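Structure, as structure tokens:
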Amino acid sequence: MKQEFENKIAAVVQELFGQMVQVELTRPEEQFGDYATNVALQLAKQVGQNPRDVAEQLTEKLREALGDQVSEITIAGPGFINLHINNSALAAALKAEPTQSLANKIVVAEYSDPNPFKVLHAGHLYTSVIGDAIANLVEQAGATVHRVNYGGDVGLHVGKTMWALLAELGGENPDGLAQIPENDRSEWLAAAYVKGTQAYEEDETAKAAIIDLNKRVYTLHADNDHDSPLAQIYWTTRQWSYDYFDRFYARIGSHFEKYYPESETFQLGLQTVREHLADGIYQESDGAVIFDGDKYGLHTRVFINSQGLPTYEAKEVGLSMLKVQDYHFDRSIIITSNEQEQYMRVVLKSIEQFAPEFANSTTHLTHGNVKLQGGVKMSSRLGNFLRAVDVLDAASTAAKALNDGDNEQTVLGAVKYAFLKNRMGGDLIYDPQESVSLEGNSGPYLQYAHARARSILRKAAEQGTAAENTSAANGTAESVWVPASAGMTGEFDPAERSLARKISEYPEVVDKATADLMPHYIATYLYELAQTFNRFYEHNRVIDDARQAMRLHLVALYANRLQSGLLLLGITAPDKM
């Protein structure tokens, strides 16, 4: 309906004033109407008239164009036009769904991106949660979404870890790996990385050995060596890392169809960068290969170092080319921390010089760090390093203290919503106690709100006034409790209309969240929707009321919208709590 109104208003503007305008309706406070536009203020300067006069001319014509859908059109202030839709139009709006704006598009979403041989930190948890939500939004808009993951299985951090592992194992002794308990493997590797990093920074002999191991790991890949003692240690422990990632992603409900390790991207990256030396996109400098970002207002960065090894930049070029080959995407979305913003701008600018269609179809989103409320450090053997599991454990502890229980889905809902209700970009302060509260703007509050609505519908079903639950077989679609009337008849009373109005906003919010890749729009809307319902339910009987059929239908619509929105955020919507 919103899009329909915008098109009709634009047509009226064209008819009256001969101007092409982009009309964007907003949702004013309820007492002012259902939609509002400032198009008269936009036009006033162009047509040389007072905006109030422009608004009056538009309003007269809009009453003709929208007469069968609006009950009133008013002018406010200097020329804002407010539209009040009628009951039949509102009832029709309740049936609307988000648009399939990305139908038949192929989108690659890359996020999380942990490095093997290192522990998953809170940033990986955050980017996994936000990445899942964004991928869900794009997918619901009709796109085919490929969720992929990228990480460094080669590079200096691997050399540091391998140095420490060899010291622990007494040399290149792969048999010693059998002594490491399965439950301790990820922590063992993380501790080795810390030990190797300290040695690299403090011991010149160890530093030289680590640099040599870094080169040897690249050689393992170049020679496809899986049999030498060093290769056996490397490949086994690399797989331990991937197993650890898989377990964690399963725990939080994430899934990826492909891991891109750097070992698979660096050769193509080297090849691509060297191919474009001749055309001047990349240049040689002191034995290295660089991209001169200065002439584009960016940084100049090294893509191949003086030892002939690819840097992160060249590997990223190879990754982009592999994604193109694998998926022939219409759009690529990459989510990283803010620290990589300038780095990625340089990489994409370099790709733009030889493959502009791919660079220009790539969207790079960034986020800040996850910090604990009050700066409290979590228990971790890595000092002030906040691990992903620390955040989940903090939420679980807070849930036990508050509710004498720590249901895993409630804990996950608490953490995910605490991340997603904030606009992506800046640092996020995570408060475990606030996140698990059943009051206020939290995930458990919304889960409880959904369960409460389902309980009303169950009670109606038990009394024979509603149909049975009709969940999809896979358990992921909406659980729809349909009132026996299966529709709305008659007029809305004021309380019903207020609730119906809020429910009707859902498709617009989802469309905007999808267009802007901003899941926090969904979170904000769901909280406002639950508050609207609570006000309605506090003062209006549903069951055993003369308006029971209408109100049960609204409850069902409310519950379904709440559930759909939570699922887009990757949060379960339990029928009971």
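We label chains A, B, ... in the order they appear in the structure tokens, count residues from 1 in each chain, and number ligands from 1 in the order shown.
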
| segment 97-106 of chain A surroundings by only C-alpha atoms, 8 Å radius, close-in-sequence under 2 positions cut, as a list in words |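 Counting only the stated atoms, we get Lys95, Val108, Val138, Gln140, Ala141, Gly142, Ala143, Thr144, Val145, His146, Tyr327, His328, Phe329, Asp330, Arg331, Tyr506, Pro507, Glu508, Val510 and Asp511 of chain A.
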
| Per-residue DSSP, segment 407-473 of chain A, filtered to alpha helix (DSSP H), as a ChimeraX atom specification | /A:408-420,432-436,443-462

Filtering to N, CA, C and O atoms, could you give me those residues as a compact mmCIF listing (two decimals), in the first residue's frame?
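Written file, out09.txt:
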```txt
# COMPACT_ATOMS: atom_id res chain seq x y z
N GLU A 408 18.64 -22.72 26.55
CA GLU A 408 19.62 -22.33 25.54
C GLU A 408 19.03 -21.37 24.51
O GLU A 408 19.68 -20.40 24.11
N GLN A 409 17.79 -21.63 24.06
CA GLN A 409 17.19 -20.76 23.06
C GLN A 409 16.88 -19.37 23.62
O GLN A 409 16.97 -18.37 22.91
N THR A 410 16.54 -19.31 24.90
CA THR A 410 16.31 -18.00 25.52
C THR A 410 17.62 -17.24 25.66
O THR A 410 17.68 -16.02 25.41
N VAL A 411 18.68 -17.95 26.03
CA VAL A 411 20.00 -17.31 26.16
C VAL A 411 20.46 -16.80 24.80
O VAL A 411 20.94 -15.66 24.67
N LEU A 412 20.33 -17.64 23.77
CA LEU A 412 20.72 -17.20 22.43
C LEU A 412 19.87 -16.01 21.97
O LEU A 412 20.39 -15.06 21.38
N GLY A 413 18.57 -16.08 22.25
CA GLY A 413 17.70 -14.97 21.89
C GLY A 413 18.11 -13.69 22.59
O GLY A 413 18.06 -12.60 22.01
N ALA A 414 18.53 -13.82 23.85
CA ALA A 414 18.95 -12.65 24.62
C ALA A 414 20.19 -12.00 24.00
O ALA A 414 20.25 -10.78 23.80
N VAL A 415 21.19 -12.83 23.69
CA VAL A 415 22.44 -12.30 23.14
C VAL A 415 22.21 -11.73 21.74
O VAL A 415 22.65 -10.62 21.42
N LYS A 416 21.52 -12.48 20.89
CA LYS A 416 21.31 -12.01 19.53
C LYS A 416 20.54 -10.70 19.50
O LYS A 416 20.91 -9.77 18.77
N TYR A 417 19.48 -10.62 20.28
CA TYR A 417 18.68 -9.39 20.26
C TYR A 417 19.48 -8.22 20.82
O TYR A 417 19.38 -7.09 20.31
N ALA A 418 20.28 -8.46 21.86
CA ALA A 418 21.10 -7.39 22.42
C ALA A 418 22.06 -6.84 21.37
O ALA A 418 22.35 -5.63 21.35
N PHE A 419 22.56 -7.70 20.51
CA PHE A 419 23.43 -7.25 19.42
C PHE A 419 22.63 -6.53 18.34
O PHE A 419 23.03 -5.49 17.83
N LEU A 420 21.49 -7.11 17.96
CA LEU A 420 20.77 -6.66 16.77
C LEU A 420 19.89 -5.43 16.99
O LEU A 420 19.52 -4.77 16.02
N PRO A 432 24.92 -8.43 30.27
CA PRO A 432 24.27 -9.74 30.36
C PRO A 432 22.95 -9.71 31.11
O PRO A 432 21.96 -10.33 30.67
N GLN A 433 22.90 -8.99 32.24
CA GLN A 433 21.68 -8.95 33.05
C GLN A 433 20.52 -8.30 32.28
O GLN A 433 19.39 -8.78 32.29
N GLU A 434 20.81 -7.21 31.63
CA GLU A 434 19.77 -6.53 30.86
C GLU A 434 19.29 -7.39 29.70
O GLU A 434 18.10 -7.42 29.38
N SER A 435 20.21 -8.12 29.09
CA SER A 435 19.86 -8.90 27.89
C SER A 435 18.90 -10.04 28.19
O SER A 435 18.12 -10.43 27.32
N VAL A 436 18.96 -10.61 29.39
CA VAL A 436 18.11 -11.78 29.71
C VAL A 436 16.83 -11.39 30.43
O VAL A 436 16.01 -12.26 30.74
N GLY A 443 15.43 -9.68 24.08
CA GLY A 443 14.99 -10.85 23.34
C GLY A 443 14.00 -11.71 24.11
O GLY A 443 12.94 -12.09 23.58
N PRO A 444 14.30 -12.06 25.37
CA PRO A 444 13.35 -12.86 26.14
C PRO A 444 11.99 -12.17 26.31
O PRO A 444 10.96 -12.85 26.36
N TYR A 445 11.98 -10.84 26.40
CA TYR A 445 10.71 -10.13 26.49
C TYR A 445 9.85 -10.38 25.24
O TYR A 445 8.65 -10.64 25.34
N LEU A 446 10.48 -10.34 24.08
CA LEU A 446 9.74 -10.57 22.84
C LEU A 446 9.35 -12.04 22.69
O LEU A 446 8.27 -12.35 22.17
N GLN A 447 10.24 -12.93 23.12
CA GLN A 447 9.88 -14.36 23.09
C GLN A 447 8.69 -14.62 24.00
O GLN A 447 7.77 -15.37 23.64
N TYR A 448 8.69 -14.00 25.17
CA TYR A 448 7.56 -14.16 26.09
C TYR A 448 6.30 -13.54 25.50
O TYR A 448 5.20 -14.09 25.64
N ALA A 449 6.45 -12.39 24.83
CA ALA A 449 5.29 -11.74 24.21
C ALA A 449 4.66 -12.65 23.16
O ALA A 449 3.42 -12.75 23.06
N HIS A 450 5.48 -13.34 22.41
CA HIS A 450 4.96 -14.27 21.42
C HIS A 450 4.26 -15.44 22.10
O HIS A 450 3.15 -15.83 21.70
N ALA A 451 4.89 -16.01 23.12
CA ALA A 451 4.30 -17.15 23.82
C ALA A 451 2.96 -16.76 24.45
O ALA A 451 2.01 -17.54 24.47
N ARG A 452 2.89 -15.54 24.95
CA ARG A 452 1.65 -15.06 25.57
C ARG A 452 0.52 -14.99 24.54
O ARG A 452 -0.61 -15.41 24.81
N ALA A 453 0.82 -14.48 23.35
CA ALA A 453 -0.20 -14.41 22.30
C ALA A 453 -0.65 -15.80 21.88
O ALA A 453 -1.83 -16.06 21.67
N ARG A 454 0.31 -16.73 21.79
CA ARG A 454 -0.05 -18.10 21.42
C ARG A 454 -0.93 -18.75 22.48
O ARG A 454 -1.82 -19.55 22.17
N SER A 455 -0.69 -18.40 23.75
CA SER A 455 -1.51 -18.99 24.81
C SER A 455 -2.96 -18.51 24.71
O SER A 455 -3.90 -19.26 24.99
N ILE A 456 -3.16 -17.25 24.30
CA ILE A 456 -4.52 -16.74 24.09
C ILE A 456 -5.21 -17.54 22.99
O ILE A 456 -6.37 -17.94 23.12
N LEU A 457 -4.47 -17.79 21.91
CA LEU A 457 -5.04 -18.52 20.79
C LEU A 457 -5.29 -19.99 21.12
O LEU A 457 -6.26 -20.58 20.66
N ARG A 458 -4.42 -20.54 21.95
CA ARG A 458 -4.64 -21.93 22.39
C ARG A 458 -5.91 -22.03 23.23
O ARG A 458 -6.70 -22.97 23.08
N LYS A 459 -6.08 -21.05 24.11
CA LYS A 459 -7.28 -21.05 24.95
C LYS A 459 -8.54 -20.96 24.09
O LYS A 459 -9.53 -21.65 24.33
N ALA A 460 -8.47 -20.12 23.05
CA ALA A 460 -9.61 -20.00 22.14
C ALA A 460 -9.85 -21.31 21.41
O ALA A 460 -11.00 -21.73 21.20
N ALA A 461 -8.77 -21.97 21.00
CA ALA A 461 -8.90 -23.25 20.29
C ALA A 461 -9.53 -24.30 21.20
O ALA A 461 -10.36 -25.10 20.75
N GLU A 462 -9.15 -24.31 22.47
CA GLU A 462 -9.70 -25.28 23.42
C GLU A 462 -11.19 -25.07 23.63
O GLU A 462 -11.92 -26.01 23.94
```

| DSSP-assigned strand (DSSP E or B) members of segment 199-279 of chain A, reported as an NGL selection string | :A and (258-261)

| task | Excluding Glu264 of chain A and any residue of its chain fewer than 4 positions from it, enumerate the residues within 9 Å of it, using only C-alpha atoms, and give them as a PyMOL selection string. | result | chain A and resi 221+260+268+315+318-319+322

Export, as a PDB file, in the first residue's frame, the selected residues with N, CA and C atoms.
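Output saved as out_32.pdb:
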```
ATOM      1  N   HIS A 221      51.320 -26.277   0.892  1.00  0.00           N
ATOM      2  CA  HIS A 221      50.200 -26.119  -0.033  1.00  0.00           C
ATOM      3  C   HIS A 221      50.672 -26.179  -1.483  1.00  0.00           C
ATOM      4  N   TYR A 260      36.260 -20.410   2.693  1.00  0.00           N
ATOM      5  CA  TYR A 260      37.359 -20.064   1.787  1.00  0.00           C
ATOM      6  C   TYR A 260      38.623 -19.888   2.633  1.00  0.00           C
ATOM      7  N   LEU A 268      45.569 -17.372  -6.732  1.00  0.00           N
ATOM      8  CA  LEU A 268      44.823 -16.560  -7.690  1.00  0.00           C
ATOM      9  C   LEU A 268      45.066 -15.080  -7.438  1.00  0.00           C
ATOM     10  N   LYS A 315      45.534 -11.675  -1.117  1.00  0.00           N
ATOM     11  CA  LYS A 315      44.636 -12.797  -0.831  1.00  0.00           C
ATOM     12  C   LYS A 315      43.179 -12.373  -0.985  1.00  0.00           C
ATOM     13  N   GLY A 318      42.283 -12.397  -4.556  1.00  0.00           N
ATOM     14  CA  GLY A 318      42.020 -13.770  -4.976  1.00  0.00           C
ATOM     15  C   GLY A 318      40.661 -14.260  -4.503  1.00  0.00           C
ATOM     16  N   LEU A 319      40.277 -13.893  -3.289  1.00  0.00           N
ATOM     17  CA  LEU A 319      38.965 -14.287  -2.763  1.00  0.00           C
ATOM     18  C   LEU A 319      37.846 -13.698  -3.624  1.00  0.00           C
ATOM     19  N   LEU A 322      37.576 -15.605  -6.811  1.00  0.00           N
ATOM     20  CA  LEU A 322      36.998 -16.934  -6.598  1.00  0.00           C
ATOM     21  C   LEU A 322      35.488 -16.866  -6.414  1.00  0.00           C
TER      22      LEU A 322
END
```

| message | Give me the residues near segment 69-82 of chain A as an MDAnalysis selection string, where near means some atom within 12 Å (using only C-alpha atoms) and where sequence neighbours in that chain fewer than 2 positions away do not count. | response | chainID A and resid 1:2 4:5 8:9 23:44 49:67 84:93

| task | Write out as a PyMOL selection string the residues lying within 10 Å of Arg547 of chain A, counting only C-alpha atoms and excluding same-chain residues fewer than 3 positions away. | result | chain A and resi 490+492-493+496+540-544+550-552

| task | Tell me, as JSON, numbers by chain, which residues lie within 7 Å of segment 563-571 of chain A, counting only C-alpha atoms; anything in the same chain fewer than 4 positions away does not count. | result | {"A": [132, 133, 136, 137, 413, 450, 478, 522, 526, 559]}
